Every structure is written in C-alpha cells, then in structure tokens.
Amino acid sequence: MASGSCACRYIRYTTTTPPADPVYCHCVECRKQSGAPYQTWLDFPRDAIKWSAEPTVWRSSDTASRSFCPRCGSTMTMTLDNDPSTTAVAGGTLDVESEHLVSRPGKHIFYKEKAAWYDAPDDGSRVFKGWNE
Ligand SMILES: [Zn+2]
Ligand SMILES: [Zn+2]
C-alpha cells in the first residue's frame, strides 16, 4: 500500500493500509524532535507496518514514545501509551510514490504551543489549541 524510509534508507517500511488522519502537530516536543515548526503524523494500525530494520525507540514524555533511525537520526514514529495499537509515522518519511494516499485536509493540533515565528497556512485544515479543541 504505502511505503517510506528514513533519509539514509537504512530503515524502510511498507504498510498494508493507507495513511489515516493526517495531523500537523505544533507541540514543543514535535518541534524539537523534527527541527521544524511542526511535525506531520500519519496514523497506521501498528500491525499494518512492516519494518526493514527497527527504529530506535526513546521515551519522549510520560505519555509517549518516539523513534528514529539509528544511522541518520530521521524521526520515524510516535506512539501514545493510551493507544498502543496505533503508530503515528512521520509524514515526511513517505516515499514520493505514496504521497497521493494522504487525504487532506488535516488538523493543526497543539497550536497553543506553536512557534511564535510561524503561522499555519489557511489550507482548509482545522486548528486546535490542544488535541481536539
Ligand atoms: Zn536512516
Ligand atoms: Zn506533537
């Protein structure tokens, strides 16, 4: 279905379902981890993703874990403790051939934590101060 990789291609993945529920997260952790004004996440059922190599997992808060490529450092995933059967995959890791699978518009979330120097474009996405309000 969809495929993607880290920047160095050491970690590749394929999925058996299309990406769902694209969100653009402006929280400070996502900004720090991505090095960008926000991080895009695409949801997949955990069991729908097949990895060529395991990303390195680290504990990013008391509610979530994140992962990255141990060779190039690319951000790969985030998993919330309260939804362990869903894996959020960093949208930028999708292969170009799979980009058409992403449905739009998405949601801008944790906008209350956004970078002062960045404003989300008026792209039809909904804007939430936190998760969903
Ligand atoms: Zn890599
Ligand atoms: Zn975030």
# chains A, B, ... in the order shown; residues from 1 in each chain; ligands from 1
$ residues_near_ligand --ligand "ligand 1" --cutoff "7 Å" --atoms "only C-alpha atoms and all ligand atoms" --output "number ranges by chain"
A: 6-11, 69-74
$ write_last_selection --atoms "N, CA and C atoms" --output "PDB file, in the first residue's frame"
ATOM      1  N   CYS A   6      13.627   6.324   6.097  1.00  0.00           N
ATOM      2  CA  CYS A   6      14.395   7.425   6.684  1.00  0.00           C
ATOM      3  C   CYS A   6      15.235   8.073   5.584  1.00  0.00           C
ATOM      4  N   ALA A   7      15.986   9.096   5.936  1.00  0.00           N
ATOM      5  CA  ALA A   7      16.765   9.829   4.933  1.00  0.00           C
ATOM      6  C   ALA A   7      17.874   8.970   4.329  1.00  0.00           C
ATOM      7  N   CYS A   8      18.489   8.094   5.126  1.00  0.00           N
ATOM      8  CA  CYS A   8      19.616   7.285   4.606  1.00  0.00           C
ATOM      9  C   CYS A   8      19.144   5.966   4.019  1.00  0.00           C
ATOM     10  N   ARG A   9      17.855   5.662   4.104  1.00  0.00           N
ATOM     11  CA  ARG A   9      17.231   4.448   3.548  1.00  0.00           C
ATOM     12  C   ARG A   9      17.582   3.172   4.315  1.00  0.00           C
ATOM     13  N   TYR A  10      18.268   3.311   5.445  1.00  0.00           N
ATOM     14  CA  TYR A  10      18.539   2.112   6.254  1.00  0.00           C
ATOM     15  C   TYR A  10      17.226   1.517   6.743  1.00  0.00           C
ATOM     16  N   ILE A  11      16.330   2.384   7.197  1.00  0.00           N
ATOM     17  CA  ILE A  11      15.017   1.929   7.641  1.00  0.00           C
ATOM     18  C   ILE A  11      13.999   2.188   6.547  1.00  0.00           C
ATOM     19  N   CYS A  69      15.851   6.778  13.186  1.00  0.00           N
ATOM     20  CA  CYS A  69      16.846   5.906  12.553  1.00  0.00           C
ATOM     21  C   CYS A  69      18.163   6.019  13.311  1.00  0.00           C
ATOM     22  N   PRO A  70      18.741   4.871  13.718  1.00  0.00           N
ATOM     23  CA  PRO A  70      19.998   4.935  14.474  1.00  0.00           C
ATOM     24  C   PRO A  70      21.188   5.362  13.620  1.00  0.00           C
ATOM     25  N   ARG A  71      21.039   5.372  12.314  1.00  0.00           N
ATOM     26  CA  ARG A  71      22.159   5.762  11.448  1.00  0.00           C
ATOM     27  C   ARG A  71      22.109   7.219  11.030  1.00  0.00           C
ATOM     28  N   CYS A  72      20.920   7.711  10.665  1.00  0.00           N
ATOM     29  CA  CYS A  72      20.848   9.095  10.164  1.00  0.00           C
ATOM     30  C   CYS A  72      20.045  10.017  11.068  1.00  0.00           C
ATOM     31  N   GLY A  73      19.338   9.460  12.056  1.00  0.00           N
ATOM     32  CA  GLY A  73      18.621  10.305  13.004  1.00  0.00           C
ATOM     33  C   GLY A  73      17.235  10.743  12.573  1.00  0.00           C
ATOM     34  N   SER A  74      16.793  10.324  11.394  1.00  0.00           N
ATOM     35  CA  SER A  74      15.459  10.734  10.947  1.00  0.00           C
ATOM     36  C   SER A  74      14.393  10.323  11.955  1.00  0.00           C
TER      37      SER A  74
END
$ residues_near_ligand --ligand "ligand 2" --cutoff "12 Å" --atoms "only C-alpha atoms and all ligand atoms" --output "ChimeraX atom specification"
/A:23-34,36-41,60-61,63-66,77-80,88,90,107-114,129-131
$ residues_around --residues "Pro18 of chain A" --least-positions-apart "6" --cutoff "12 Å" --atoms "only C-alpha atoms" --output "list in words"
Met1, Ala2, Ser3, Leu42, Asp43, Phe44, Pro45, Ala48, Ile49, Val89, Leu94, Ser98, Glu99, His100, Leu101, Val102 and Ser103 of chain A
$ write_last_selection --atoms "N, CA and C atoms" --output "short mmCIF file (atom, residue, chain, number, x, y, z; two decimals), in the first residue's frame"
data_model
loop_
_atom_site.label_atom_id
_atom_site.label_comp_id
_atom_site.auth_asym_id
_atom_site.auth_seq_id
_atom_site.Cartn_x
_atom_site.Cartn_y
_atom_site.Cartn_z
N MET A 1 0.86 -1.19 0.00
CA MET A 1 0.00 0.00 0.00
C MET A 1 0.90 1.24 0.00
N ALA A 2 1.29 1.70 1.20
CA ALA A 2 2.20 2.84 1.28
C ALA A 2 3.61 2.36 1.60
N SER A 3 4.60 3.17 1.24
CA SER A 3 5.98 2.84 1.59
C SER A 3 6.71 4.12 1.95
N LEU A 42 1.06 10.64 10.38
CA LEU A 42 0.06 9.84 9.67
C LEU A 42 -0.17 8.58 10.49
N ASP A 43 -1.42 8.22 10.71
CA ASP A 43 -1.72 7.06 11.56
C ASP A 43 -1.84 5.77 10.76
N PHE A 44 -1.27 4.72 11.32
CA PHE A 44 -1.42 3.37 10.78
C PHE A 44 -1.69 2.44 11.96
N PRO A 45 -2.47 1.36 11.73
CA PRO A 45 -2.51 0.32 12.75
C PRO A 45 -1.08 -0.23 12.93
N ALA A 48 -0.03 -3.02 10.78
CA ALA A 48 -0.09 -2.82 9.33
C ALA A 48 1.25 -2.38 8.76
N ILE A 49 2.23 -2.15 9.64
CA ILE A 49 3.53 -1.65 9.18
C ILE A 49 4.58 -2.76 9.28
N VAL A 89 3.29 7.75 12.07
CA VAL A 89 4.52 7.76 11.30
C VAL A 89 4.76 9.17 10.79
N LEU A 94 7.32 9.37 4.04
CA LEU A 94 6.61 8.66 2.96
C LEU A 94 7.38 8.81 1.65
N SER A 98 3.95 7.32 -2.70
CA SER A 98 2.83 7.07 -1.78
C SER A 98 2.14 8.35 -1.33
N GLU A 99 2.65 9.47 -1.75
CA GLU A 99 2.12 10.73 -1.23
C GLU A 99 0.66 10.96 -1.62
N HIS A 100 0.24 10.40 -2.76
CA HIS A 100 -1.14 10.60 -3.19
C HIS A 100 -2.13 9.89 -2.26
N LEU A 101 -1.63 9.01 -1.40
CA LEU A 101 -2.51 8.27 -0.49
C LEU A 101 -2.94 9.10 0.72
N VAL A 102 -2.29 10.23 0.93
CA VAL A 102 -2.60 11.04 2.10
C VAL A 102 -3.83 11.91 1.80
N SER A 103 -4.84 11.73 2.62
CA SER A 103 -6.05 12.52 2.43
C SER A 103 -5.88 13.88 3.09
#
$ atom_distance --atom1 "atom CA of Val96 of chain A" --atom2 "atom CA of Ser5 of chain A"
10.5 Å
$ select_by_dssp --residues "segment 9-86 of chain A" --states "alpha helix (DSSP H)" --output "list in words"
Val28, Glu29, Cys30, Arg31, Lys32, Gln33 and Ser34 of chain A
$ write_last_selection --atoms "N, CA, C and O atoms" --output "CSV table (one decimal), in the first residue's frame"
chain,number,residue,atom,x,y,z
A,28,VAL,N,5.8,21.5,21.4
A,28,VAL,CA,7.2,21.7,21.6
A,28,VAL,C,8.0,20.5,21.3
A,28,VAL,O,9.1,20.5,20.7
A,29,GLU,N,7.5,19.3,21.8
A,29,GLU,CA,8.3,18.1,21.6
A,29,GLU,C,8.4,17.8,20.1
A,29,GLU,O,9.5,17.4,19.6
A,30,CYS,N,7.3,17.9,19.4
A,30,CYS,CA,7.4,17.7,17.9
A,30,CYS,C,8.3,18.7,17.2
A,30,CYS,O,9.0,18.3,16.3
A,31,ARG,N,8.3,19.9,17.7
A,31,ARG,CA,9.1,20.9,17.0
A,31,ARG,C,10.6,20.6,17.3
A,31,ARG,O,11.5,20.7,16.4
A,32,LYS,N,10.9,20.3,18.6
A,32,LYS,CA,12.3,19.9,18.9
A,32,LYS,C,12.8,18.7,18.1
A,32,LYS,O,13.9,18.7,17.6
A,33,GLN,N,11.9,17.7,18.1
A,33,GLN,CA,12.4,16.4,17.5
A,33,GLN,C,12.5,16.6,16.0
A,33,GLN,O,13.4,16.0,15.4
A,34,SER,N,11.6,17.3,15.4
A,34,SER,CA,11.7,17.5,13.9
A,34,SER,C,12.7,18.5,13.4
A,34,SER,O,13.1,18.5,12.3
$ residues_around --residues "segment 121-124 of chain A" --least-positions-apart "5" --cutoff "9 Å" --atoms "only C-alpha atoms" --output "PDB file with all heavy atoms, in the first residue's frame"
ATOM      1  N   ARG A 104      -6.432  14.887   2.470  1.00  0.00           N
ATOM      2  CA  ARG A 104      -6.401  16.210   3.053  1.00  0.00           C
ATOM      3  C   ARG A 104      -7.822  16.726   3.126  1.00  0.00           C
ATOM      4  O   ARG A 104      -8.678  16.253   2.395  1.00  0.00           O
ATOM      5  CB  ARG A 104      -5.520  17.148   2.201  1.00  0.00           C
ATOM      6  CG  ARG A 104      -4.050  16.809   2.336  1.00  0.00           C
ATOM      7  CD  ARG A 104      -3.187  17.784   1.579  1.00  0.00           C
ATOM      8  NE  ARG A 104      -3.310  17.597   0.128  1.00  0.00           N
ATOM      9  CZ  ARG A 104      -2.713  18.387  -0.766  1.00  0.00           C
ATOM     10  NH1 ARG A 104      -1.973  19.393  -0.393  1.00  0.00           N
ATOM     11  NH2 ARG A 104      -2.877  18.168  -2.048  1.00  0.00           N
ATOM     12  N   PRO A 105      -8.152  17.709   3.922  1.00  0.00           N
ATOM     13  CA  PRO A 105      -7.258  18.416   4.827  1.00  0.00           C
ATOM     14  C   PRO A 105      -7.030  17.644   6.117  1.00  0.00           C
ATOM     15  O   PRO A 105      -7.738  16.697   6.425  1.00  0.00           O
ATOM     16  CB  PRO A 105      -8.023  19.710   5.119  1.00  0.00           C
ATOM     17  CG  PRO A 105      -9.457  19.293   5.038  1.00  0.00           C
ATOM     18  CD  PRO A 105      -9.518  18.252   3.945  1.00  0.00           C
ATOM     19  N   GLY A 106      -6.026  18.093   6.846  1.00  0.00           N
ATOM     20  CA  GLY A 106      -5.726  17.509   8.137  1.00  0.00           C
ATOM     21  C   GLY A 106      -6.104  18.450   9.262  1.00  0.00           C
ATOM     22  O   GLY A 106      -7.002  19.288   9.111  1.00  0.00           O
ATOM     23  N   LYS A 107      -5.425  18.273  10.370  1.00  0.00           N
ATOM     24  CA  LYS A 107      -5.681  19.105  11.541  1.00  0.00           C
ATOM     25  C   LYS A 107      -4.367  19.673  12.040  1.00  0.00           C
ATOM     26  O   LYS A 107      -3.367  18.948  12.100  1.00  0.00           O
ATOM     27  CB  LYS A 107      -6.286  18.261  12.672  1.00  0.00           C
ATOM     28  CG  LYS A 107      -7.627  17.654  12.362  1.00  0.00           C
ATOM     29  CD  LYS A 107      -8.184  16.901  13.562  1.00  0.00           C
ATOM     30  CE  LYS A 107      -7.522  15.566  13.701  1.00  0.00           C
ATOM     31  NZ  LYS A 107      -8.185  14.678  14.675  1.00  0.00           N
TER      32      LYS A 107
END
$ closest_residue --among "A:Gly92, A:Thr75, A:Asn82, A:Pro22" --to "Asp62 of chain A" --atoms "only C-alpha atoms"
A:Asn82
$ select_by_dssp --residues "chain A" --states "strand (DSSP E)" --output "VMD selection string"
chain A and resid 3 to 5 12 to 15 20 to 25 39 to 45 49 to 51 56 to 59 64 to 68 75 to 80 86 to 90 107 to 109 126 to 127
